[in-house]
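Below: the structure, in structure tokens.
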2 protein chains.
Amino acid sequence: MIIQIPADDNRERYVCVECETIHYRNPKIVSGCIPVHEDKILLCRRSIEPKYGYWTLPAGFMEMDETTLEAARRETLEEANARVEIEQLYSVINLPYVNQVYMIYRSRLLDLDFSPGEESLETRLFTEQEIPWNEIAFRTIKHTLEYYFADRAAGEFRLHTGDILRQDNQYNFVESVN
Amino acid sequence: MIIQIPADDNRERYVCVECETIHYRNPKIVSGCIPVHEDKILLCRRSIEPKYGYWTLPAGFMEMDETTLEAARRETLEEANARVEIEQLYSVINLPYVNQVYMIYRSRLLDLDFSPGEESLETRLFTEQEIPWNEIAFRTIKHTLEYYFADRAAGEFRLHTGDILRQDNQYNFVESVN
């Protein structure tokens, strides 16, 4: 592999010197759910790095041949053995410093027959008061949960969009449009 | 490169036999704008394949190190030499058969100093009556424009989400949540 700017392009790409194939690299979508049952949210405690032992919403990299909704449902099934009905695209958060875009859907748990999947140590329903705020794995999840409880209190759920930007090892969350 | 299921995974991946690097392949985001001036929309006529000569909204693959909003603004600058203020995430459309997720933002043209970029033959403002519906390059763009004019007539713009599914060479647009 060499790095060069292909003809008709304006950026450096990875190009195979053998077959001349251009290997494009692009940001990835992380799709997931807020699984809701009555006044409680289902969280998963991670059994893998990064953030082993921390709590998160079920979410993961979108795979080929699926939609963002299918990815969110699949991740919820894989990480929590839980089935959901998806209700709303709820948060879209850019993390340009790791080339990820989070898309989290508000959803309704279809039954209470959930249990830890391979990437989880534990799965549990939490009321707002019980949320372990200091043990949430990722900033995107923390912001999404904060929006959720604020919107629930206000009586209206709406899409939230924002960017988490890293500068000098500081992370800032900036709301964008919507 | 060989295709195999890595340890701790449940899917086949491309793995380099030399260095054992796993080359993940994931869907890509296509980010773009509806650039609006008064009652008109800016469209670009494509100077490249696919769909050479057809009209489209400025949009393209999101690159590394940028946010979805930055990608939408950059594509609008590259394809139409146009500057916009982004107002709303307006459509999110999955195309699983080509592993793309379109994210189109409603935006306001900041000035009328636009012109065709390298990938455009022509750039032009269109009223609703003037839109060349039979010469729109992509289904995602057609659905997004239809939503835009319907919402404008109704007096309220809201996020639209959907999937375009291919079966037996037929394409069906299915609205999802929101």
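Chains: A, B, ... in order of the structure tokens. Residues: from 1 per chain. Ligands: from 1, in order shown.
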Long-range neighbours of Leu69 of chain B as an NGL selection string, 9 Å cut-off, only C-alpha atoms, 2 positions minimum in chain: (:A and (176)) or (:B and (31-32 or 66-67 or 71-74 or 86 or 89 or 105))
Write the selection just made, keeping C-alpha atoms, as an mmCIF file, in the first residue's frame?
data_model
loop_
_atom_site.group_PDB
_atom_site.id
_atom_site.type_symbol
_atom_site.label_atom_id
_atom_site.label_comp_id
_atom_site.auth_asym_id
_atom_site.auth_seq_id
_atom_site.Cartn_x
_atom_site.Cartn_y
_atom_site.Cartn_z
ATOM 1 C CA SER A 176 -25.542 21.643 16.342
ATOM 2 C CA SER B 31 -23.836 14.006 3.461
ATOM 3 C CA GLY B 32 -25.351 16.930 1.588
ATOM 4 C CA GLU B 66 -14.903 15.919 9.614
ATOM 5 C CA THR B 67 -18.448 16.068 11.000
ATOM 6 C CA ALA B 71 -19.121 17.262 5.027
ATOM 7 C CA ALA B 72 -22.418 18.778 3.837
ATOM 8 C CA ARG B 73 -20.903 22.276 3.674
ATOM 9 C CA ARG B 74 -17.742 21.012 1.939
ATOM 10 C CA ILE B 86 -27.119 24.759 7.815
ATOM 11 C CA LEU B 89 -30.967 17.628 9.690
ATOM 12 C CA TYR B 105 -29.459 19.081 5.740
#
Residues near Asn10 of chain A, cut-off 12 Å, only C-alpha atoms, skip fewer than 4 positions along chain, as a count of residues only: 6
Nearest residue to chain A from the set B:Glu38, B:Glu146, B:Glu119, B:Asp65 (distances using only C-alpha atoms):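 Using only C-alpha atoms, chain A sits closest to B:Asp65.
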DSSP-assigned strand (DSSP E or B) members of segment 71-145 of chain B, reported as an MDAnalysis selection string: chainID B and resid 84:95 100:109 120:126 136
Sel. of alpha helix (DSSP H) residues, segment 42-166 of chain B, as a ChimeraX atom specification: /B:68-80,139-154
Go ahead and save the picked residues with C-alpha atoms, as a PDB file, in the first residue's frame.
ATOM      1  CA  THR B  68     -21.606  15.389   8.981  1.00  0.00           C
ATOM      2  CA  LEU B  69     -22.301  19.159   8.897  1.00  0.00           C
ATOM      3  CA  GLU B  70     -18.773  19.933   7.720  1.00  0.00           C
ATOM      4  CA  ALA B  71     -19.121  17.262   5.027  1.00  0.00           C
ATOM      5  CA  ALA B  72     -22.418  18.778   3.837  1.00  0.00           C
ATOM      6  CA  ARG B  73     -20.903  22.276   3.674  1.00  0.00           C
ATOM      7  CA  ARG B  74     -17.742  21.012   1.939  1.00  0.00           C
ATOM      8  CA  GLU B  75     -19.687  19.108  -0.728  1.00  0.00           C
ATOM      9  CA  THR B  76     -21.819  22.200  -1.387  1.00  0.00           C
ATOM     10  CA  LEU B  77     -18.665  24.273  -1.811  1.00  0.00           C
ATOM     11  CA  GLU B  78     -16.955  21.658  -4.029  1.00  0.00           C
ATOM     12  CA  GLU B  79     -19.909  20.920  -6.312  1.00  0.00           C
ATOM     13  CA  ALA B  80     -21.536  24.347  -6.524  1.00  0.00           C
ATOM     14  CA  ARG B 139     -34.073   8.363  -5.560  1.00  0.00           C
ATOM     15  CA  THR B 140     -32.848   9.763  -2.228  1.00  0.00           C
ATOM     16  CA  ILE B 141     -32.693  13.260  -3.711  1.00  0.00           C
ATOM     17  CA  LYS B 142     -36.135  12.959  -5.321  1.00  0.00           C
ATOM     18  CA  HIS B 143     -37.741  11.831  -2.035  1.00  0.00           C
ATOM     19  CA  THR B 144     -35.954  14.568  -0.092  1.00  0.00           C
ATOM     20  CA  LEU B 145     -37.161  17.258  -2.521  1.00  0.00           C
ATOM     21  CA  GLU B 146     -40.724  15.903  -2.414  1.00  0.00           C
ATOM     22  CA  TYR B 147     -40.666  16.048   1.402  1.00  0.00           C
ATOM     23  CA  TYR B 148     -39.252  19.566   1.284  1.00  0.00           C
ATOM     24  CA  PHE B 149     -42.002  20.990  -0.926  1.00  0.00           C
ATOM     25  CA  ALA B 150     -44.752  19.127   0.971  1.00  0.00           C
ATOM     26  CA  ASP B 151     -43.464  20.408   4.334  1.00  0.00           C
ATOM     27  CA  ARG B 152     -43.080  23.933   2.960  1.00  0.00           C
ATOM     28  CA  ALA B 153     -46.700  23.881   1.790  1.00  0.00           C
ATOM     29  CA  ALA B 154     -47.786  22.578   5.225  1.00  0.00           C
TER      30      ALA B 154
END
Neighbours of chain B in chain A at 10 Å, counting only C-alpha atoms, as an MDAnalysis selection string: chainID A and resid 8 11 24:29 61:69 86:90 92:101 105:106 118:119 158:165 176:178
Filtering to N, CA and C atoms, could you give me those residues as a short mmCIF file (atom, residue, chain, number, x, y, z; two decimals), in the first residue's frame?
data_model
loop_
_atom_site.label_atom_id
_atom_site.label_comp_id
_atom_site.auth_asym_id
_atom_site.auth_seq_id
_atom_site.Cartn_x
_atom_site.Cartn_y
_atom_site.Cartn_z
N ASP A 8 -8.43 12.63 -10.51
CA ASP A 8 -9.82 13.04 -10.25
C ASP A 8 -10.15 13.06 -8.77
N ARG A 11 -7.64 14.24 -2.39
CA ARG A 11 -7.16 13.79 -1.09
C ARG A 11 -6.24 12.59 -1.24
N TYR A 24 -10.57 3.37 0.15
CA TYR A 24 -11.10 4.56 0.81
C TYR A 24 -11.34 4.27 2.29
N ARG A 25 -11.08 5.25 3.12
CA ARG A 25 -11.40 5.15 4.55
C ARG A 25 -12.38 6.27 4.87
N ASN A 26 -13.48 5.91 5.51
CA ASN A 26 -14.53 6.87 5.82
C ASN A 26 -15.02 6.65 7.24
N PRO A 27 -15.67 7.67 7.82
CA PRO A 27 -16.21 7.51 9.18
C PRO A 27 -17.22 6.37 9.24
N LYS A 28 -17.37 5.81 10.42
CA LYS A 28 -18.29 4.69 10.64
C LYS A 28 -19.48 5.13 11.50
N ILE A 29 -20.61 4.48 11.26
CA ILE A 29 -21.80 4.74 12.06
C ILE A 29 -21.85 3.77 13.23
N PHE A 61 -21.02 -0.86 15.87
CA PHE A 61 -20.79 -0.49 14.48
C PHE A 61 -21.84 -1.10 13.56
N MET A 62 -22.43 -0.25 12.74
CA MET A 62 -23.34 -0.69 11.68
C MET A 62 -22.56 -1.57 10.70
N GLU A 63 -23.17 -2.68 10.30
CA GLU A 63 -22.53 -3.63 9.39
C GLU A 63 -23.06 -3.45 7.96
N MET A 64 -22.36 -4.07 7.00
CA MET A 64 -22.81 -4.04 5.62
C MET A 64 -24.18 -4.71 5.50
N ASP A 65 -24.96 -4.30 4.50
CA ASP A 65 -26.23 -4.92 4.14
C ASP A 65 -27.35 -4.70 5.14
N GLU A 66 -27.16 -3.81 6.10
CA GLU A 66 -28.27 -3.54 7.03
C GLU A 66 -28.57 -2.05 7.05
N THR A 67 -29.73 -1.70 7.61
CA THR A 67 -30.09 -0.29 7.79
C THR A 67 -29.70 0.14 9.20
N THR A 68 -29.74 1.44 9.45
CA THR A 68 -29.39 1.94 10.79
C THR A 68 -30.36 1.40 11.83
N LEU A 69 -31.64 1.22 11.48
CA LEU A 69 -32.61 0.66 12.43
C LEU A 69 -32.31 -0.81 12.70
N ILE A 86 -38.60 0.19 17.68
CA ILE A 86 -37.95 1.50 17.57
C ILE A 86 -38.99 2.58 17.32
N GLU A 87 -38.84 3.69 18.03
CA GLU A 87 -39.87 4.74 17.97
C GLU A 87 -39.40 6.03 17.32
N GLN A 88 -38.11 6.36 17.41
CA GLN A 88 -37.66 7.68 16.95
C GLN A 88 -36.15 7.72 16.84
N LEU A 89 -35.63 8.34 15.77
CA LEU A 89 -34.21 8.68 15.73
C LEU A 89 -34.03 9.82 16.72
N TYR A 90 -33.25 9.57 17.78
CA TYR A 90 -33.27 10.49 18.92
C TYR A 90 -32.01 11.34 19.05
N VAL A 92 -28.05 12.20 17.13
CA VAL A 92 -27.04 12.03 16.08
C VAL A 92 -25.84 12.85 16.53
N ILE A 93 -24.76 12.17 16.92
CA ILE A 93 -23.62 12.86 17.51
C ILE A 93 -22.34 12.48 16.77
N ASN A 94 -21.65 13.49 16.25
CA ASN A 94 -20.38 13.30 15.55
C ASN A 94 -19.22 13.25 16.55
N LEU A 95 -18.30 12.30 16.34
CA LEU A 95 -17.04 12.25 17.08
C LEU A 95 -15.91 12.23 16.04
N PRO A 96 -15.58 13.40 15.47
CA PRO A 96 -14.62 13.41 14.36
C PRO A 96 -13.23 12.91 14.76
N TYR A 97 -12.88 13.01 16.03
CA TYR A 97 -11.52 12.60 16.45
C TYR A 97 -11.36 11.08 16.47
N VAL A 98 -12.45 10.34 16.42
CA VAL A 98 -12.36 8.88 16.22
C VAL A 98 -13.12 8.44 14.97
N ASN A 99 -13.58 9.42 14.16
CA ASN A 99 -14.27 9.12 12.90
C ASN A 99 -15.48 8.22 13.10
N GLN A 100 -16.32 8.65 14.05
CA GLN A 100 -17.57 7.93 14.31
C GLN A 100 -18.75 8.90 14.31
N VAL A 101 -19.90 8.40 13.88
CA VAL A 101 -21.16 9.13 14.00
C VAL A 101 -22.14 8.23 14.74
N TYR A 105 -31.49 5.49 18.73
CA TYR A 105 -32.94 5.49 18.56
C TYR A 105 -33.63 5.30 19.91
N ARG A 106 -34.71 6.07 20.13
CA ARG A 106 -35.59 5.83 21.27
C ARG A 106 -36.42 4.59 20.95
N GLU A 118 -22.66 -11.56 24.92
CA GLU A 118 -21.23 -11.85 25.07
C GLU A 118 -20.39 -10.64 25.46
N GLU A 119 -20.84 -9.42 25.05
CA GLU A 119 -20.03 -8.23 25.32
C GLU A 119 -20.49 -7.51 26.58
N ARG A 158 -37.59 15.13 21.12
CA ARG A 158 -37.22 15.63 19.80
C ARG A 158 -35.79 15.21 19.48
N LEU A 159 -35.46 15.19 18.19
CA LEU A 159 -34.10 14.85 17.75
C LEU A 159 -33.08 15.83 18.33
N HIS A 160 -31.96 15.29 18.80
CA HIS A 160 -30.84 16.12 19.27
C HIS A 160 -29.62 15.80 18.42
N THR A 161 -28.94 16.85 17.95
CA THR A 161 -27.73 16.64 17.16
C THR A 161 -26.60 17.46 17.75
N GLY A 162 -25.40 16.93 17.69
CA GLY A 162 -24.25 17.65 18.23
C GLY A 162 -22.94 17.01 17.84
N ASP A 163 -21.88 17.69 18.20
CA ASP A 163 -20.53 17.20 17.91
C ASP A 163 -19.74 17.18 19.22
N ILE A 164 -18.96 16.12 19.42
CA ILE A 164 -17.99 16.13 20.50
C ILE A 164 -16.63 16.41 19.87
N LEU A 165 -16.01 17.49 20.28
CA LEU A 165 -14.75 17.92 19.67
C LEU A 165 -13.63 17.80 20.69
N SER A 176 -25.51 21.05 17.68
CA SER A 176 -25.54 21.64 16.34
C SER A 176 -26.98 22.00 16.02
N VAL A 177 -27.39 21.87 14.79
CA VAL A 177 -28.75 22.26 14.41
C VAL A 177 -29.78 21.31 15.03
N ASN A 178 -31.07 21.60 14.85
CA ASN A 178 -32.24 20.87 15.39
C ASN A 178 -32.52 21.24 16.84
#
Gap from atom CA of Pro58 of chain B to atom CA of Cys44 of chain B - Å, one decimal: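 Between atom CA of Pro58 of chain B and atom CA of Cys44 of chain B the gap works out to 6.5 Å.
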Spatial neighbours of Arg46 of chain A, max dist 7 Å, only C-alpha atoms, sep filter under 3 positions, as a VMD selection string: chain A and resid 51 to 55 119 to 121
